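Text of the file run_22.cif, holding mmCIF, N, CA and C atoms and all ligand atoms:
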```
data_query
#
loop_
_atom_site.label_atom_id
_atom_site.label_comp_id
_atom_site.auth_asym_id
_atom_site.auth_seq_id
_atom_site.Cartn_x
_atom_site.Cartn_y
_atom_site.Cartn_z
N MET Y 1 26.61 4.06 32.70
CA MET Y 1 26.67 3.87 31.25
C MET Y 1 25.54 2.93 30.80
N THR Y 2 25.44 1.78 31.50
CA THR Y 2 24.38 0.82 31.14
C THR Y 2 23.01 1.49 31.27
N LYS Y 3 22.88 2.27 32.36
CA LYS Y 3 21.59 2.95 32.59
C LYS Y 3 21.27 3.90 31.45
N LEU Y 4 22.33 4.58 30.99
CA LEU Y 4 22.16 5.55 29.91
C LEU Y 4 21.71 4.83 28.64
N LEU Y 5 22.35 3.70 28.34
CA LEU Y 5 22.00 2.92 27.15
C LEU Y 5 20.57 2.42 27.25
N LEU Y 6 20.21 1.97 28.45
CA LEU Y 6 18.86 1.46 28.67
C LEU Y 6 17.85 2.57 28.44
N ALA Y 7 18.17 3.74 28.96
CA ALA Y 7 17.26 4.88 28.80
C ALA Y 7 17.13 5.21 27.31
N ALA Y 8 18.25 5.15 26.58
CA ALA Y 8 18.21 5.46 25.15
C ALA Y 8 17.37 4.43 24.41
N ALA Y 9 17.53 3.14 24.81
CA ALA Y 9 16.78 2.08 24.16
C ALA Y 9 15.29 2.24 24.43
N LEU Y 10 14.97 2.56 25.67
CA LEU Y 10 13.56 2.75 26.02
C LEU Y 10 12.97 3.93 25.26
N PHE Y 11 13.78 4.97 25.13
CA PHE Y 11 13.31 6.14 24.41
C PHE Y 11 13.04 5.78 22.95
N ALA Y 12 13.97 5.01 22.35
CA ALA Y 12 13.82 4.62 20.94
C ALA Y 12 12.55 3.78 20.78
N LEU Y 13 12.32 2.88 21.73
CA LEU Y 13 11.14 2.02 21.66
C LEU Y 13 9.86 2.85 21.77
N SER Y 14 9.86 3.79 22.71
CA SER Y 14 8.64 4.57 22.89
C SER Y 14 8.43 5.49 21.70
N ALA Y 15 9.52 5.94 21.06
CA ALA Y 15 9.38 6.78 19.88
C ALA Y 15 8.72 5.97 18.77
N ALA Y 16 9.15 4.70 18.62
CA ALA Y 16 8.57 3.85 17.59
C ALA Y 16 7.10 3.59 17.89
N ALA Y 17 6.80 3.38 19.16
CA ALA Y 17 5.41 3.12 19.55
C ALA Y 17 4.55 4.34 19.26
N ALA Y 18 5.12 5.52 19.49
CA ALA Y 18 4.37 6.75 19.26
C ALA Y 18 4.01 6.88 17.79
N ALA Y 19 4.92 6.41 16.92
CA ALA Y 19 4.65 6.49 15.48
C ALA Y 19 3.68 5.39 15.06
N GLY Y 20 3.30 4.53 16.01
CA GLY Y 20 2.28 3.54 15.71
C GLY Y 20 2.81 2.26 15.10
N GLY Y 21 4.07 1.95 15.36
CA GLY Y 21 4.61 0.72 14.80
C GLY Y 21 5.28 -0.13 15.86
N ASN Y 22 5.08 -1.44 15.77
CA ASN Y 22 5.69 -2.37 16.71
C ASN Y 22 6.64 -3.27 15.93
N PRO Y 23 7.97 -3.04 16.06
CA PRO Y 23 8.94 -3.79 15.25
C PRO Y 23 8.84 -5.30 15.45
N ALA Y 24 8.55 -5.75 16.68
CA ALA Y 24 8.49 -7.20 16.94
C ALA Y 24 7.31 -7.82 16.19
N ALA Y 25 6.17 -7.15 16.24
CA ALA Y 25 5.01 -7.63 15.50
C ALA Y 25 5.28 -7.54 14.00
N GLY Y 26 6.01 -6.50 13.62
CA GLY Y 26 6.31 -6.29 12.20
C GLY Y 26 7.18 -7.40 11.63
N LYS Y 27 8.08 -7.92 12.44
CA LYS Y 27 8.97 -8.99 11.96
C LYS Y 27 8.14 -10.18 11.49
N ALA Y 28 7.14 -10.56 12.28
CA ALA Y 28 6.30 -11.70 11.92
C ALA Y 28 5.51 -11.41 10.64
N LYS Y 29 5.11 -10.16 10.48
CA LYS Y 29 4.30 -9.80 9.31
C LYS Y 29 5.15 -9.59 8.06
N ALA Y 30 6.48 -9.52 8.24
CA ALA Y 30 7.37 -9.23 7.11
C ALA Y 30 7.91 -10.49 6.47
N SER Y 31 7.35 -11.66 6.83
CA SER Y 31 7.93 -12.91 6.35
C SER Y 31 7.89 -13.01 4.82
N THR Y 32 6.88 -12.42 4.18
CA THR Y 32 6.86 -12.48 2.71
C THR Y 32 7.82 -11.45 2.12
N CYS Y 33 7.99 -10.34 2.78
CA CYS Y 33 8.82 -9.25 2.25
C CYS Y 33 10.28 -9.66 2.15
N VAL Y 34 10.74 -10.44 3.14
CA VAL Y 34 12.17 -10.73 3.21
C VAL Y 34 12.62 -11.65 2.08
N ALA Y 35 11.68 -12.35 1.42
CA ALA Y 35 12.04 -13.19 0.29
C ALA Y 35 12.72 -12.34 -0.79
N CYS Y 36 12.26 -11.12 -0.97
CA CYS Y 36 12.85 -10.24 -1.98
C CYS Y 36 13.79 -9.20 -1.36
N HIS Y 37 13.42 -8.69 -0.20
CA HIS Y 37 14.21 -7.59 0.37
C HIS Y 37 15.32 -8.06 1.30
N GLY Y 38 15.41 -9.38 1.52
CA GLY Y 38 16.50 -9.92 2.33
C GLY Y 38 16.13 -10.09 3.78
N ALA Y 39 16.68 -11.13 4.40
CA ALA Y 39 16.37 -11.46 5.79
C ALA Y 39 16.71 -10.30 6.71
N ASN Y 40 17.69 -9.49 6.33
CA ASN Y 40 18.05 -8.35 7.16
C ASN Y 40 17.70 -7.03 6.47
N GLY Y 41 16.78 -7.12 5.52
CA GLY Y 41 16.38 -5.91 4.81
C GLY Y 41 17.49 -5.31 3.97
N GLU Y 42 18.47 -6.16 3.61
CA GLU Y 42 19.66 -5.64 2.93
C GLU Y 42 19.44 -5.42 1.43
N GLY Y 43 18.31 -5.94 0.90
CA GLY Y 43 18.04 -5.80 -0.52
C GLY Y 43 18.66 -6.93 -1.31
N ILE Y 44 17.93 -7.44 -2.30
CA ILE Y 44 18.44 -8.51 -3.16
C ILE Y 44 18.12 -8.13 -4.60
N GLY Y 45 19.13 -8.10 -5.44
CA GLY Y 45 18.92 -7.81 -6.86
C GLY Y 45 18.12 -6.53 -7.05
N PRO Y 46 17.00 -6.62 -7.78
CA PRO Y 46 16.22 -5.41 -8.08
C PRO Y 46 15.42 -4.89 -6.87
N SER Y 47 15.36 -5.67 -5.80
CA SER Y 47 14.61 -5.24 -4.62
C SER Y 47 15.51 -4.41 -3.72
N PRO Y 48 15.17 -3.15 -3.53
CA PRO Y 48 16.05 -2.24 -2.78
C PRO Y 48 16.15 -2.61 -1.30
N ALA Y 49 17.25 -2.17 -0.68
CA ALA Y 49 17.41 -2.34 0.76
C ALA Y 49 16.35 -1.53 1.48
N LEU Y 50 15.82 -2.10 2.56
CA LEU Y 50 14.85 -1.37 3.39
C LEU Y 50 15.46 -1.03 4.75
N ALA Y 51 16.48 -1.79 5.14
CA ALA Y 51 17.11 -1.58 6.44
C ALA Y 51 17.68 -0.17 6.52
N GLY Y 52 17.49 0.45 7.66
CA GLY Y 52 18.10 1.74 7.90
C GLY Y 52 17.33 2.92 7.33
N LYS Y 53 16.27 2.65 6.58
CA LYS Y 53 15.43 3.76 6.10
C LYS Y 53 14.48 4.15 7.23
N SER Y 54 13.98 5.36 7.17
CA SER Y 54 13.10 5.79 8.26
C SER Y 54 11.72 5.16 8.07
N GLN Y 55 11.06 4.96 9.18
CA GLN Y 55 9.71 4.38 9.15
C GLN Y 55 8.79 5.25 8.29
N ASP Y 56 8.96 6.56 8.39
CA ASP Y 56 8.11 7.47 7.61
C ASP Y 56 8.32 7.29 6.12
N ASP Y 57 9.59 7.17 5.71
CA ASP Y 57 9.87 7.01 4.27
C ASP Y 57 9.31 5.69 3.75
N LEU Y 58 9.47 4.63 4.54
CA LEU Y 58 8.96 3.32 4.13
C LEU Y 58 7.44 3.36 4.01
N LEU Y 59 6.80 3.97 5.01
CA LEU Y 59 5.34 4.08 5.00
C LEU Y 59 4.85 4.88 3.80
N ALA Y 60 5.57 5.96 3.51
CA ALA Y 60 5.18 6.80 2.38
C ALA Y 60 5.27 6.00 1.08
N ALA Y 61 6.38 5.24 0.94
CA ALA Y 61 6.56 4.45 -0.28
C ALA Y 61 5.45 3.41 -0.42
N LEU Y 62 5.15 2.71 0.67
CA LEU Y 62 4.09 1.69 0.62
C LEU Y 62 2.75 2.31 0.24
N GLY Y 63 2.48 3.46 0.83
CA GLY Y 63 1.23 4.16 0.55
C GLY Y 63 1.14 4.52 -0.93
N GLU Y 64 2.28 4.89 -1.51
CA GLU Y 64 2.28 5.28 -2.93
C GLU Y 64 2.09 4.07 -3.85
N TYR Y 65 2.62 2.91 -3.44
CA TYR Y 65 2.36 1.70 -4.23
C TYR Y 65 0.89 1.34 -4.15
N LYS Y 66 0.35 1.46 -2.95
CA LYS Y 66 -1.06 1.12 -2.74
C LYS Y 66 -1.97 2.00 -3.58
N SER Y 67 -1.68 3.29 -3.56
CA SER Y 67 -2.55 4.24 -4.25
C SER Y 67 -2.31 4.24 -5.75
N GLY Y 68 -1.15 3.70 -6.18
CA GLY Y 68 -0.84 3.69 -7.60
C GLY Y 68 -0.05 4.92 -8.04
N LYS Y 69 0.32 5.78 -7.07
CA LYS Y 69 1.14 6.94 -7.41
C LYS Y 69 2.52 6.47 -7.87
N ARG Y 70 3.01 5.41 -7.19
CA ARG Y 70 4.23 4.74 -7.64
C ARG Y 70 3.78 3.45 -8.30
N THR Y 71 4.19 3.25 -9.54
CA THR Y 71 3.70 2.07 -10.26
C THR Y 71 4.74 0.97 -10.25
N ASN Y 72 4.39 -0.11 -9.60
CA ASN Y 72 5.19 -1.32 -9.64
C ASN Y 72 4.23 -2.45 -9.32
N VAL Y 73 4.07 -3.35 -10.29
CA VAL Y 73 3.05 -4.39 -10.16
C VAL Y 73 3.30 -5.24 -8.91
N THR Y 74 4.55 -5.64 -8.72
CA THR Y 74 4.88 -6.49 -7.57
C THR Y 74 4.56 -5.79 -6.26
N MET Y 75 5.05 -4.57 -6.13
CA MET Y 75 4.89 -3.89 -4.84
C MET Y 75 3.45 -3.44 -4.60
N LYS Y 76 2.70 -3.23 -5.65
CA LYS Y 76 1.28 -2.90 -5.45
C LYS Y 76 0.58 -4.10 -4.79
N LYS Y 77 0.93 -5.28 -5.31
CA LYS Y 77 0.34 -6.50 -4.77
C LYS Y 77 0.81 -6.70 -3.31
N MET Y 78 2.10 -6.50 -3.08
CA MET Y 78 2.64 -6.73 -1.73
C MET Y 78 2.06 -5.72 -0.74
N ALA Y 79 1.97 -4.46 -1.14
CA ALA Y 79 1.42 -3.44 -0.25
C ALA Y 79 -0.04 -3.77 0.06
N GLY Y 80 -0.73 -4.35 -0.92
CA GLY Y 80 -2.13 -4.72 -0.73
C GLY Y 80 -2.30 -5.83 0.29
N LYS Y 81 -1.25 -6.61 0.50
CA LYS Y 81 -1.32 -7.70 1.49
C LYS Y 81 -1.30 -7.18 2.92
N LEU Y 82 -0.81 -5.96 3.09
CA LEU Y 82 -0.82 -5.35 4.42
C LEU Y 82 -2.18 -4.67 4.56
N LYS Y 83 -3.03 -5.32 5.35
CA LYS Y 83 -4.46 -4.97 5.32
C LYS Y 83 -4.80 -3.61 5.91
N ASN Y 84 -4.09 -3.23 6.96
CA ASN Y 84 -4.49 -1.98 7.61
C ASN Y 84 -3.27 -1.17 8.03
N GLU Y 85 -3.53 -0.01 8.59
CA GLU Y 85 -2.44 0.89 8.95
C GLU Y 85 -1.53 0.29 10.00
N GLU Y 86 -2.12 -0.52 10.88
CA GLU Y 86 -1.31 -1.13 11.93
C GLU Y 86 -0.28 -2.08 11.31
N ASP Y 87 -0.72 -2.93 10.38
CA ASP Y 87 0.19 -3.86 9.72
C ASP Y 87 1.29 -3.08 9.00
N MET Y 88 0.91 -2.03 8.30
CA MET Y 88 1.90 -1.24 7.56
C MET Y 88 2.90 -0.60 8.51
N ALA Y 89 2.38 -0.02 9.60
CA ALA Y 89 3.27 0.65 10.55
C ALA Y 89 4.21 -0.36 11.21
N ASP Y 90 3.69 -1.54 11.55
CA ASP Y 90 4.51 -2.56 12.20
C ASP Y 90 5.64 -3.02 11.28
N VAL Y 91 5.29 -3.33 10.04
CA VAL Y 91 6.30 -3.81 9.10
C VAL Y 91 7.36 -2.73 8.84
N CYS Y 92 6.92 -1.50 8.67
CA CYS Y 92 7.86 -0.41 8.43
C CYS Y 92 8.73 -0.16 9.66
N ALA Y 93 8.13 -0.28 10.85
CA ALA Y 93 8.91 -0.11 12.08
C ALA Y 93 9.99 -1.18 12.16
N TYR Y 94 9.64 -2.39 11.72
CA TYR Y 94 10.61 -3.49 11.76
C TYR Y 94 11.79 -3.21 10.84
N PHE Y 95 11.51 -2.86 9.57
CA PHE Y 95 12.63 -2.62 8.64
C PHE Y 95 13.43 -1.39 9.07
N ALA Y 96 12.75 -0.39 9.60
CA ALA Y 96 13.46 0.81 10.04
C ALA Y 96 14.38 0.51 11.23
N SER Y 97 14.04 -0.55 11.99
CA SER Y 97 14.84 -0.88 13.17
C SER Y 97 16.10 -1.66 12.81
N LEU Y 98 16.18 -2.16 11.58
CA LEU Y 98 17.35 -2.95 11.17
C LEU Y 98 18.48 -2.02 10.78
N LYS Y 99 19.70 -2.47 11.07
CA LYS Y 99 20.87 -1.67 10.71
C LYS Y 99 21.16 -1.81 9.21
N LYS Y 100 21.50 -0.70 8.60
CA LYS Y 100 21.90 -0.73 7.21
C LYS Y 100 23.15 -1.59 7.08
N GLN Y 101 23.18 -2.48 6.10
CA GLN Y 101 24.31 -3.43 5.96
C GLN Y 101 25.55 -2.72 5.41
C1 LIG Y 201 8.52 -10.38 -5.24
C2 LIG Y 201 9.53 -9.49 -4.67
C3 LIG Y 201 9.10 -8.49 -3.60
C4 LIG Y 201 8.39 -8.74 -2.45
C5 LIG Y 201 7.83 -10.07 -1.96
C6 LIG Y 201 8.31 -7.47 -1.74
N1 LIG Y 201 8.94 -6.47 -2.45
FE1 LIG Y 201 9.11 -4.52 -1.89
N2 LIG Y 201 10.06 -4.09 -3.65
C7 LIG Y 201 10.36 -5.01 -4.64
C8 LIG Y 201 10.91 -4.31 -5.79
C9 LIG Y 201 11.38 -4.95 -7.09
C10 LIG Y 201 10.94 -2.93 -5.44
C11 LIG Y 201 11.38 -1.76 -6.30
C12 LIG Y 201 10.14 -1.29 -7.05
C13 LIG Y 201 10.29 0.02 -7.77
O1 LIG Y 201 11.10 0.11 -8.69
O2 LIG Y 201 9.57 0.97 -7.40
C14 LIG Y 201 10.41 -2.84 -4.09
C15 LIG Y 201 10.29 -1.64 -3.37
C16 LIG Y 201 9.86 -1.54 -2.06
C17 LIG Y 201 9.83 -0.32 -1.28
C18 LIG Y 201 10.34 1.03 -1.72
C19 LIG Y 201 11.76 1.18 -1.24
C20 LIG Y 201 12.40 2.46 -1.66
O3 LIG Y 201 13.40 2.82 -1.06
O4 LIG Y 201 11.93 3.11 -2.60
C21 LIG Y 201 9.32 -0.64 -0.07
C22 LIG Y 201 9.09 0.30 1.12
C23 LIG Y 201 9.01 -2.05 -0.09
N3 LIG Y 201 9.35 -2.57 -1.30
C24 LIG Y 201 8.46 -2.74 0.98
C25 LIG Y 201 8.04 -4.07 0.93
C26 LIG Y 201 7.29 -4.71 1.97
C27 LIG Y 201 6.90 -4.07 3.29
C28 LIG Y 201 7.04 -6.00 1.54
C29 LIG Y 201 6.23 -7.07 2.25
C30 LIG Y 201 4.84 -6.74 2.57
C31 LIG Y 201 7.66 -6.13 0.23
N4 LIG Y 201 8.25 -4.94 -0.11
C32 LIG Y 201 7.66 -7.29 -0.52
C33 LIG Y 201 10.17 -6.39 -4.58
C34 LIG Y 201 9.45 -7.06 -3.59
#
```
Written form, structure tokens:
Amino acid sequence: MTKLLLAAALFALSAAAAAGGNPAAGKAKASTCVACHGANGEGIGPSPALAGKSQDDLLAALGEYKSGKRTNVTMKKMAGKLKNEEDMADVCAYFASLKKQ
């Protein structure tokens, strides 16, 4: 049973790595995000929950704030703080790895 869980965990980790995101690195880079989105990505007030969403959905949303397809002054600025695709993928991998509250 433990072996099975370990295999599942390893598979989940390698799946995240394949998508180009490192949740552990993302946690460090998400320190500004959690002020609004919550320490566990649970969402606070007008800031929606990020925990439990897929990495792809989070990445797509960030990309849309960056490009201006989705208009939100705050999130455009925040998305702009993530300098490159690696930072974006890491942060999204981190929030996607959190359990929905
Ligand atoms: C000052 C508060 C604030 C900070 C800091 C902040 N956000 Fe947001 N975020 C918001 C608000 C408010 C929304 C909803 C905007 C809208 O209506 O589109 C949002 C929306 C989002 C969404 C879209 C979620 C969805 O389901 O549609 C994502 C993804 C997101 N934020 C990621 C981040 C990341 C990653 C960071 C850190 C780099 C961050 N946010 C920092 C306030 C914040």
What are the centre and edge lengths in Å, to one decimal, of the axis-aligned box around all listed atoms of ligand LIG 201 (chain Y) with 6 Å added on each side, as AutoDock Vina command-line options?
```
--center_x 9.1 --center_y -3.6 --center_z -2.7 --size_x 20.6 --size_y 25.5 --size_z 24.0
```
Using only C-alpha atoms and all ligand atoms, what table do you get, as a Markdown table, when you list each residue of chain Y with an atom no more than 7 Å from ligand LIG 201 (chain Y), its nearest pair of atoms, and their distance in Å rounded to one decimal, rows by chain then rising number?
```
| residue | atom | partner | partner_atom | distance |
| --- | --- | --- | --- | --- |
| Y:Ala30 | CA | Y:LIG201 | C29 | 5.4 |
| Y:Thr32 | CA | Y:LIG201 | C5 | 5.3 |
| Y:Cys33 | CA | Y:LIG201 | C29 | 3.4 |
| Y:Val34 | CA | Y:LIG201 | C5 | 6.8 |
| Y:Ala35 | CA | Y:LIG201 | C5 | 5.7 |
| Y:Cys36 | CA | Y:LIG201 | C2 | 4.3 |
| Y:His37 | CA | Y:LIG201 | N1 | 6.1 |
| Y:Pro46 | CA | Y:LIG201 | C9 | 5.0 |
| Y:Ser47 | CA | Y:LIG201 | C8 | 4.0 |
| Y:Pro48 | CA | Y:LIG201 | C19 | 5.7 |
| Y:Ala49 | CA | Y:LIG201 | O3 | 6.8 |
| Y:Leu50 | CA | Y:LIG201 | C19 | 6.1 |
| Y:Leu58 | CA | Y:LIG201 | C22 | 4.3 |
| Y:Leu59 | CA | Y:LIG201 | C22 | 6.6 |
| Y:Ala61 | CA | Y:LIG201 | C22 | 5.1 |
| Y:Leu62 | CA | Y:LIG201 | C22 | 5.2 |
| Y:Arg70 | CA | Y:LIG201 | O2 | 6.5 |
| Y:Thr71 | CA | Y:LIG201 | O2 | 6.6 |
| Y:Asn72 | CA | Y:LIG201 | O2 | 5.4 |
| Y:Thr74 | CA | Y:LIG201 | C1 | 5.8 |
| Y:Met75 | CA | Y:LIG201 | FE1 | 5.2 |
| Y:Met78 | CA | Y:LIG201 | C30 | 4.8 |
| Y:Ala79 | CA | Y:LIG201 | C30 | 5.5 |
| Y:Lys81 | CA | Y:LIG201 | C30 | 6.3 |
| Y:Leu82 | CA | Y:LIG201 | C30 | 6.1 |
| Y:Val91 | CA | Y:LIG201 | C27 | 5.8 |
| Y:Cys92 | CA | Y:LIG201 | C27 | 6.4 |
```
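Among Y:Thr2, Y:Ala51, Y:Lys76, Y:Gly43, the residue with the shortest atom-to-atom distance to Tyr94 (chain Y), counting all atoms listed in the file, is Y:Ala51.
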_Just the number, please: distance in Å from CA of Lys100 (chain Y) to CA of Gln55 (chain Y), one decimal._
13.4 Å
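The two atoms in question, CA of Ser97 (chain Y) and CA of Gly63 (chain Y), are spaced 19.2 Å apart.
Here the question is which of Y:Lys66, Y:Lys99, Y:Lys29, Y:Lys53 gets nearest to Asp87 (chain Y) using all atoms listed in the file, and that residue is Y:Lys29.
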*asked:* Could you pull out the alpha helix (DSSP H) residues of chain Y, going by DSSP on the backbone, and write them as a PyMOL selection string?
replied: chain Y and resi 2-18+23-29+34-37+55-67+73-81+85-97
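The coordinates place atom N of Ser67 (chain Y) at 19.9 Å from atom N of Ala96 (chain Y).
Nearest-residue note for Phe95 (chain Y): choosing from Y:Tyr65, Y:Pro23, Y:Val73, Y:Gly38, the minimum distance belongs to Y:Pro23, counting only N, CA and C atoms.
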